[in-house]
Amino acid sequence: QWGSIRDELSETLGASSFKNWIKPLSFVGLEDGIARFQVPTSFMGNYVSQNFGDVILTKIAKIDSSVRRIAFHPVGTDAAKPVAKKKEAKPMPPKEHPYSDDRVQNDPLHGLPLDKRFTFDNFVVGKPNELAHAAAKRVAEGGPVTFNPLFLYGGVGLGKTHLMHAIAWELRTRHPHLNVLNLSAEQFMYRFVQALRDRKMMDFKELFRSVDVLMVDDVQFIAGKDSTQEEFFHTFNALVDQHKQIIISADRAPDEIKDLENRIRSRLQSGLVVDLHPTDYELRLGILQSKSETYSRMYPELSVEPGILEFLAARIVSNVRILEGALTRLFAFASLVGKPITMDLTQECLTDILRVSERKVSIEEIQRKVADHYLIRHTDLVGPKRVRTFARPRQIAMYLCKLLTTRSLPEIGRHFGGRDHTTVMHGVRRIEELKKQDAQIAEDVELLRRALEA
Ligand code: ADP
Ligand code: MG
């Protein structure tokens with residue numbers, strides 16, 4: 001079961017934190033409510049305990065509620081020794097806990113560690129997220145509080161956590177003296193419950209009332225959890241009264257979160273509520289381009305055939321995390337097999353992802369739309385005539401078939417009056433080039449693509 005917890009942690013913490021801190025842990029065993037792990041070094045044990053201890057414990061406790069503690073043992077020590085006697089092995093012992101005042105000053109960000117990749121620089125802005133981005137930027141300036149709270153919401157993988165971290169990074173650079181606390185609602189609850197259990201409510205209240213900026217990610221988590229909500233409400237009010245900035249994210253709008261007290265709901269709505277819309281093609285392409293530049297620096301020997309990123313942006317519409325995952329896998333795979341990234345390689349490497357996100361656009365539908373658009377007959381579109389009036393729309397239709405369906409080149413060829421696959425390939429390439437040189441063609445293709453997507 002550690003395996004499934006690990007998977008969840010990799011989701012929650014992001015690939016780099018996961019790789020550096022969680023992956024090297026090995027699960028030793030469970031006894032007397034203590035889950036034991038072996039770590040390569042004691043430094044690492046301390047770091048993981050301080051930064052990820054509560055996340056790991058919360059996840060373990062969800063599966064096995066008898067687990068009350070986790071302990072990390074550096075390799076070479078006797079993991080069987082009763083940990084109760086070793087004070088530092090407790091994950092969050094109140095006294096050694098980093099929430100002492102000077103620690104708060106020196107290390108203001110002791111919520112979840114910030115992901116290095118989640119900066120404003122790495123955030124690609126498009127129509128669907130421009131408002132959320134602008135609002136996040138404004139808050140990150142750290143000027144006088146204008147809207148409080150800032151409430152960001154949107155579906156999975158649309159960049160809420162990324163924006164929250166970006167705000168925290170920016171504030172950290174611009175206003176290093178500010179005490180910024182960035183944590184998930186789950187962590188908030190866990191700390192609250194722990195404070196209750198350890199009779200440390202005063203410390204808890206003091207800590208949360210001493211922050212200058214509070215960010216709570218995935219606030220929908222506290223819905224239905226009455227005492228946590230109650231405490232959150234008081235924390236919230238205390239901070240707003242002191243004109244401290246609060247930033248909240250959720251997977252849906254305040255009035256769509258069920259089992260949330262009304263007074264909290266209206267508090268959440270009292271500032272600025274902005275949503276992240278589902279991505280559109282341009283945004284997905286922008287994100288892929290930005291990511292693939294990074295990868296091209298990492299793997300300078302790999303070349304990417306033109307049209308690949310467009311293909312992925314058109315085909316993987318679900319969420320950005322999956323889009324990124326696809327690109328990561330593609331580069332890793334290509335570098336392993338030592339081959340350039342071609343369309344064939346892409347199809348081979350991403351079969352599963354592409355199958356799931358397959359669009360229901362048929363070749364016939366594409367042909368119909370293209371013929372209508374250019375006011376030509378279907379028979380001419382697929383017929384033998386090679387005059388430009390027919391040939392160009394034909395190539396555009398082939399290009400769209402390649403982009404929007406999973407049909408192979410020979411199959412597409414068969415639908416165009418039994419043309420050879422090399423002819424189809426030539427057509428597809430021609431449009432890829434023309435799109436760059438001829439604004440009219442680029443616009444036509446874009447219009448048609450959108451019409452077919454709808
Ligand atoms: P959420 O918290 O909304 O579920 P995340 O912030 O975790 O989503 O984003 C999922 C992944 O997608 C992250 O790796 C993030 O960097 C990436 N991502 C999302 N939107 C963008 C964007 N506009 N530009 C760059 N990367 C993005
Ligand atoms: Mg998130």
# chains A, B, ... in the order shown; residues from 1 in each chain; ligands from 1
$ residues_around --residues "A:Lys369" --least-positions-apart "3" --cutoff "12 Å" --atoms "only C-alpha atoms" --output "PyMOL selection string"
chain A and resi 361-366+372-378+381+393-394+396-397+400-401+444-445+447-453
$ write_last_selection --atoms "C-alpha atoms" --output "compact mmCIF listing (two decimals), in the first residue's frame"
# COMPACT_ATOMS: atom_id res chain seq x y z
CA VAL A 361 -14.15 13.54 -35.66
CA SER A 362 -14.44 11.43 -38.79
CA ILE A 363 -12.67 11.85 -42.09
CA GLU A 364 -16.04 12.34 -43.76
CA GLU A 365 -16.92 15.16 -41.44
CA ILE A 366 -13.64 16.90 -42.09
CA ASP A 372 -18.34 23.72 -47.56
CA HIS A 373 -15.78 26.24 -46.47
CA TYR A 374 -14.20 26.51 -49.94
CA LEU A 375 -17.51 26.20 -51.71
CA ILE A 376 -16.43 23.18 -53.72
CA ARG A 377 -18.11 19.83 -54.21
CA HIS A 378 -17.08 16.76 -52.26
CA LEU A 381 -12.27 17.56 -53.07
CA PRO A 393 -8.51 22.45 -49.90
CA ARG A 394 -7.68 18.78 -50.45
CA ILE A 396 -5.94 21.13 -45.91
CA ALA A 397 -8.45 18.34 -45.45
CA LEU A 400 -6.81 18.07 -40.61
CA CYS A 401 -7.38 14.32 -40.89
CA ASP A 444 -8.54 29.02 -42.61
CA VAL A 445 -6.97 25.99 -41.00
CA LEU A 447 -11.17 28.22 -38.28
CA LEU A 448 -11.81 24.78 -39.61
CA ARG A 449 -10.05 23.12 -36.74
CA ARG A 450 -12.17 25.03 -34.27
CA ALA A 451 -15.36 24.29 -36.12
CA LEU A 452 -14.49 20.60 -36.05
CA GLU A 453 -13.58 20.72 -32.37
$ residues_near_ligand --ligand "ligand 1" --cutoff "7 Å" --atoms "only C-alpha atoms and all ligand atoms" --output "JSON, numbers by chain"
{"A": [117, 118, 122, 123, 124, 125, 129, 154, 155, 156, 157, 158, 159, 160, 161, 162, 163, 287, 320, 321, 324]}
$ closest_residue --among "A:Val145, A:Leu336, A:Val213, A:Ala238" --to "A:Leu181" --atoms "only C-alpha atoms"
A:Val213
$ closest_residue --among "A:Thr294, A:Ser10, A:Ser249, A:Thr173" --to "ligand 2" --atoms "only C-alpha atoms and all ligand atoms"
A:Ser249
$ atom_distance --atom1 "atom CA of A:Leu288" --atom2 "atom CA of A:Phe331"
12.1 Å
$ residues_around --residues "A:Leu327" --least-positions-apart "6" --cutoff "9 Å" --atoms "only C-alpha atoms" --output "PyMOL selection string"
chain A and resi 288+291-292+295+309+312
$ write_last_selection --atoms "N, CA and C atoms" --output "compact mmCIF listing (two decimals), in the first residue's frame"
# COMPACT_ATOMS: atom_id res chain seq x y z
N LEU A 288 3.07 23.52 -24.48
CA LEU A 288 3.94 22.48 -25.06
C LEU A 288 5.22 23.10 -25.62
N LYS A 291 7.51 24.01 -22.72
CA LYS A 291 8.08 22.79 -22.12
C LYS A 291 9.11 22.15 -23.05
N SER A 292 8.79 22.14 -24.32
CA SER A 292 9.67 21.42 -25.22
C SER A 292 10.99 22.19 -25.42
N TYR A 295 13.02 20.92 -22.63
CA TYR A 295 13.50 19.57 -22.92
C TYR A 295 14.58 19.57 -23.99
N LEU A 309 3.95 19.01 -31.92
CA LEU A 309 3.34 19.74 -30.80
C LEU A 309 1.91 20.13 -31.14
N LEU A 312 -0.25 17.13 -30.63
CA LEU A 312 -0.55 16.86 -29.21
C LEU A 312 -1.53 17.88 -28.66
$ closest_residue --among "A:Arg297, A:Arg209, A:His165, A:Arg199" --to "ligand 2" --atoms "only C-alpha atoms and all ligand atoms"
A:His165
$ select_by_dssp --residues "stretch 17-68 of chain A" --states "alpha helix (DSSP H)" --output "short mmCIF file (atom, residue, chain, number, x, y, z; two decimals) with N, CA and C atoms, in the first residue's frame"
data_model
loop_
_atom_site.label_atom_id
_atom_site.label_comp_id
_atom_site.auth_asym_id
_atom_site.auth_seq_id
_atom_site.Cartn_x
_atom_site.Cartn_y
_atom_site.Cartn_z
N SER A 17 10.10 17.29 -6.21
CA SER A 17 10.11 17.00 -4.78
C SER A 17 10.01 15.50 -4.55
N SER A 42 20.66 11.13 7.66
CA SER A 42 19.81 11.68 8.71
C SER A 42 19.33 13.08 8.33
N PHE A 43 20.15 13.80 7.56
CA PHE A 43 19.71 15.11 7.09
C PHE A 43 18.39 14.96 6.33
N MET A 44 18.40 13.96 5.46
CA MET A 44 17.23 13.73 4.65
C MET A 44 16.03 13.36 5.52
N GLY A 45 16.28 12.53 6.52
CA GLY A 45 15.21 12.15 7.42
C GLY A 45 14.58 13.36 8.07
N ASN A 46 15.44 14.28 8.54
CA ASN A 46 14.91 15.47 9.19
C ASN A 46 14.13 16.34 8.22
N TYR A 47 14.71 16.46 7.03
CA TYR A 47 14.06 17.33 6.05
C TYR A 47 12.68 16.77 5.68
N VAL A 48 12.66 15.50 5.39
CA VAL A 48 11.39 14.88 4.98
C VAL A 48 10.39 14.97 6.13
N SER A 49 10.87 14.73 7.33
CA SER A 49 9.98 14.77 8.47
C SER A 49 9.38 16.16 8.65
N GLN A 50 10.21 17.19 8.53
CA GLN A 50 9.72 18.54 8.74
C GLN A 50 8.82 19.03 7.62
N ASN A 51 9.20 18.67 6.41
CA ASN A 51 8.48 19.25 5.29
C ASN A 51 7.34 18.41 4.76
N PHE A 52 7.50 17.10 4.86
CA PHE A 52 6.48 16.25 4.28
C PHE A 52 5.83 15.34 5.31
N GLY A 53 6.33 15.42 6.55
CA GLY A 53 5.87 14.50 7.58
C GLY A 53 4.35 14.44 7.67
N ASP A 54 3.74 15.63 7.75
CA ASP A 54 2.29 15.58 7.97
C ASP A 54 1.53 15.12 6.74
N VAL A 55 2.04 15.45 5.57
CA VAL A 55 1.35 14.97 4.35
C VAL A 55 1.41 13.45 4.30
N ILE A 56 2.60 12.92 4.56
CA ILE A 56 2.75 11.47 4.49
C ILE A 56 1.87 10.80 5.54
N LEU A 57 1.92 11.34 6.73
CA LEU A 57 1.13 10.74 7.81
C LEU A 57 -0.37 10.80 7.51
N THR A 58 -0.82 11.94 7.01
CA THR A 58 -2.24 12.06 6.69
C THR A 58 -2.65 10.98 5.69
N LYS A 59 -1.80 10.79 4.69
CA LYS A 59 -2.15 9.82 3.66
C LYS A 59 -2.14 8.40 4.23
N ILE A 60 -1.15 8.10 5.05
CA ILE A 60 -1.09 6.76 5.63
C ILE A 60 -2.28 6.54 6.56
N ALA A 61 -2.58 7.57 7.35
CA ALA A 61 -3.65 7.43 8.33
C ALA A 61 -5.00 7.23 7.66
N LYS A 62 -5.11 7.72 6.44
CA LYS A 62 -6.35 7.54 5.71
C LYS A 62 -6.59 6.06 5.42
N ILE A 63 -5.49 5.36 5.15
CA ILE A 63 -5.60 3.94 4.83
C ILE A 63 -5.63 3.10 6.10
#
$ closest_residue --among "A:Val273, A:Leu268, A:Leu152, A:Ala223" --to "ligand 2" --atoms "only C-alpha atoms and all ligand atoms"
A:Leu152
$ closest_residue --among "A:Asp64, A:Asp121, A:Asp7, A:Pro410" --to "A:Ser290" --atoms "only C-alpha atoms"
A:Asp121
$ atom_distance --atom1 "atom CA of A:Val211" --atom2 "atom CA of A:Leu171"
13.0 Å
$ residues_around --residues "A:Leu323" --least-positions-apart "4" --cutoff "12 Å" --atoms "only C-alpha atoms" --output "VMD selection string"
chain A and resid 157 to 158 279 281 283 to 289 291 to 292 309 to 319 327 to 330 350 353 to 354 357
$ write_last_selection --atoms "C-alpha atoms" --output "PDB file, in the first residue's frame"
ATOM      1  CA  GLY A 157      -4.645  20.429 -13.672  1.00  0.00           C
ATOM      2  CA  LEU A 158      -5.488  23.919 -14.880  1.00  0.00           C
ATOM      3  CA  THR A 279      -7.504  25.198 -21.877  1.00  0.00           C
ATOM      4  CA  TYR A 281      -5.741  24.858 -28.394  1.00  0.00           C
ATOM      5  CA  LEU A 283      -2.813  27.704 -24.679  1.00  0.00           C
ATOM      6  CA  ARG A 284      -2.032  24.006 -24.921  1.00  0.00           C
ATOM      7  CA  LEU A 285       0.312  24.646 -27.809  1.00  0.00           C
ATOM      8  CA  GLY A 286       1.976  27.473 -25.900  1.00  0.00           C
ATOM      9  CA  ILE A 287       2.536  25.259 -22.882  1.00  0.00           C
ATOM     10  CA  LEU A 288       3.936  22.479 -25.062  1.00  0.00           C
ATOM     11  CA  GLN A 289       6.274  24.885 -26.835  1.00  0.00           C
ATOM     12  CA  LYS A 291       8.083  22.793 -22.124  1.00  0.00           C
ATOM     13  CA  SER A 292       9.670  21.422 -25.222  1.00  0.00           C
ATOM     14  CA  LEU A 309       3.344  19.741 -30.797  1.00  0.00           C
ATOM     15  CA  GLU A 310       0.328  20.859 -32.823  1.00  0.00           C
ATOM     16  CA  PHE A 311      -0.820  17.272 -32.973  1.00  0.00           C
ATOM     17  CA  LEU A 312      -0.548  16.861 -29.214  1.00  0.00           C
ATOM     18  CA  ALA A 313      -2.244  20.185 -28.520  1.00  0.00           C
ATOM     19  CA  ALA A 314      -5.140  19.202 -30.732  1.00  0.00           C
ATOM     20  CA  ARG A 315      -5.448  15.698 -29.397  1.00  0.00           C
ATOM     21  CA  ILE A 316      -4.819  15.879 -25.670  1.00  0.00           C
ATOM     22  CA  VAL A 317      -7.493  18.178 -24.370  1.00  0.00           C
ATOM     23  CA  SER A 318      -8.048  16.786 -20.889  1.00  0.00           C
ATOM     24  CA  ASN A 319      -5.702  18.646 -18.599  1.00  0.00           C
ATOM     25  CA  LEU A 327       5.657  15.334 -23.542  1.00  0.00           C
ATOM     26  CA  THR A 328       7.909  14.146 -20.744  1.00  0.00           C
ATOM     27  CA  ARG A 329       7.349  10.559 -21.713  1.00  0.00           C
ATOM     28  CA  LEU A 330       7.940  11.336 -25.360  1.00  0.00           C
ATOM     29  CA  LEU A 350       1.624   7.639 -26.458  1.00  0.00           C
ATOM     30  CA  ILE A 353      -3.039   8.576 -23.834  1.00  0.00           C
ATOM     31  CA  LEU A 354      -4.053   9.204 -27.430  1.00  0.00           C
ATOM     32  CA  SER A 357      -8.442  11.375 -25.623  1.00  0.00           C
TER      33      SER A 357
END
$ residues_around --residues "A:Asp259" --least-positions-apart "6" --cutoff "9 Å" --atoms "only C-alpha atoms" --output "ChimeraX atom specification"
/A:222-226
$ residues_around --residues "A:Gly14" --least-positions-apart "2" --cutoff "10 Å" --atoms "only C-alpha atoms" --output "ChimeraX atom specification"
/A:8-12,16-19,114-118
$ closest_residue --among "A:Val304, A:Ala135, A:Val180, A:Ala168" --to "A:Leu276" --atoms "only C-alpha atoms"
A:Ala135
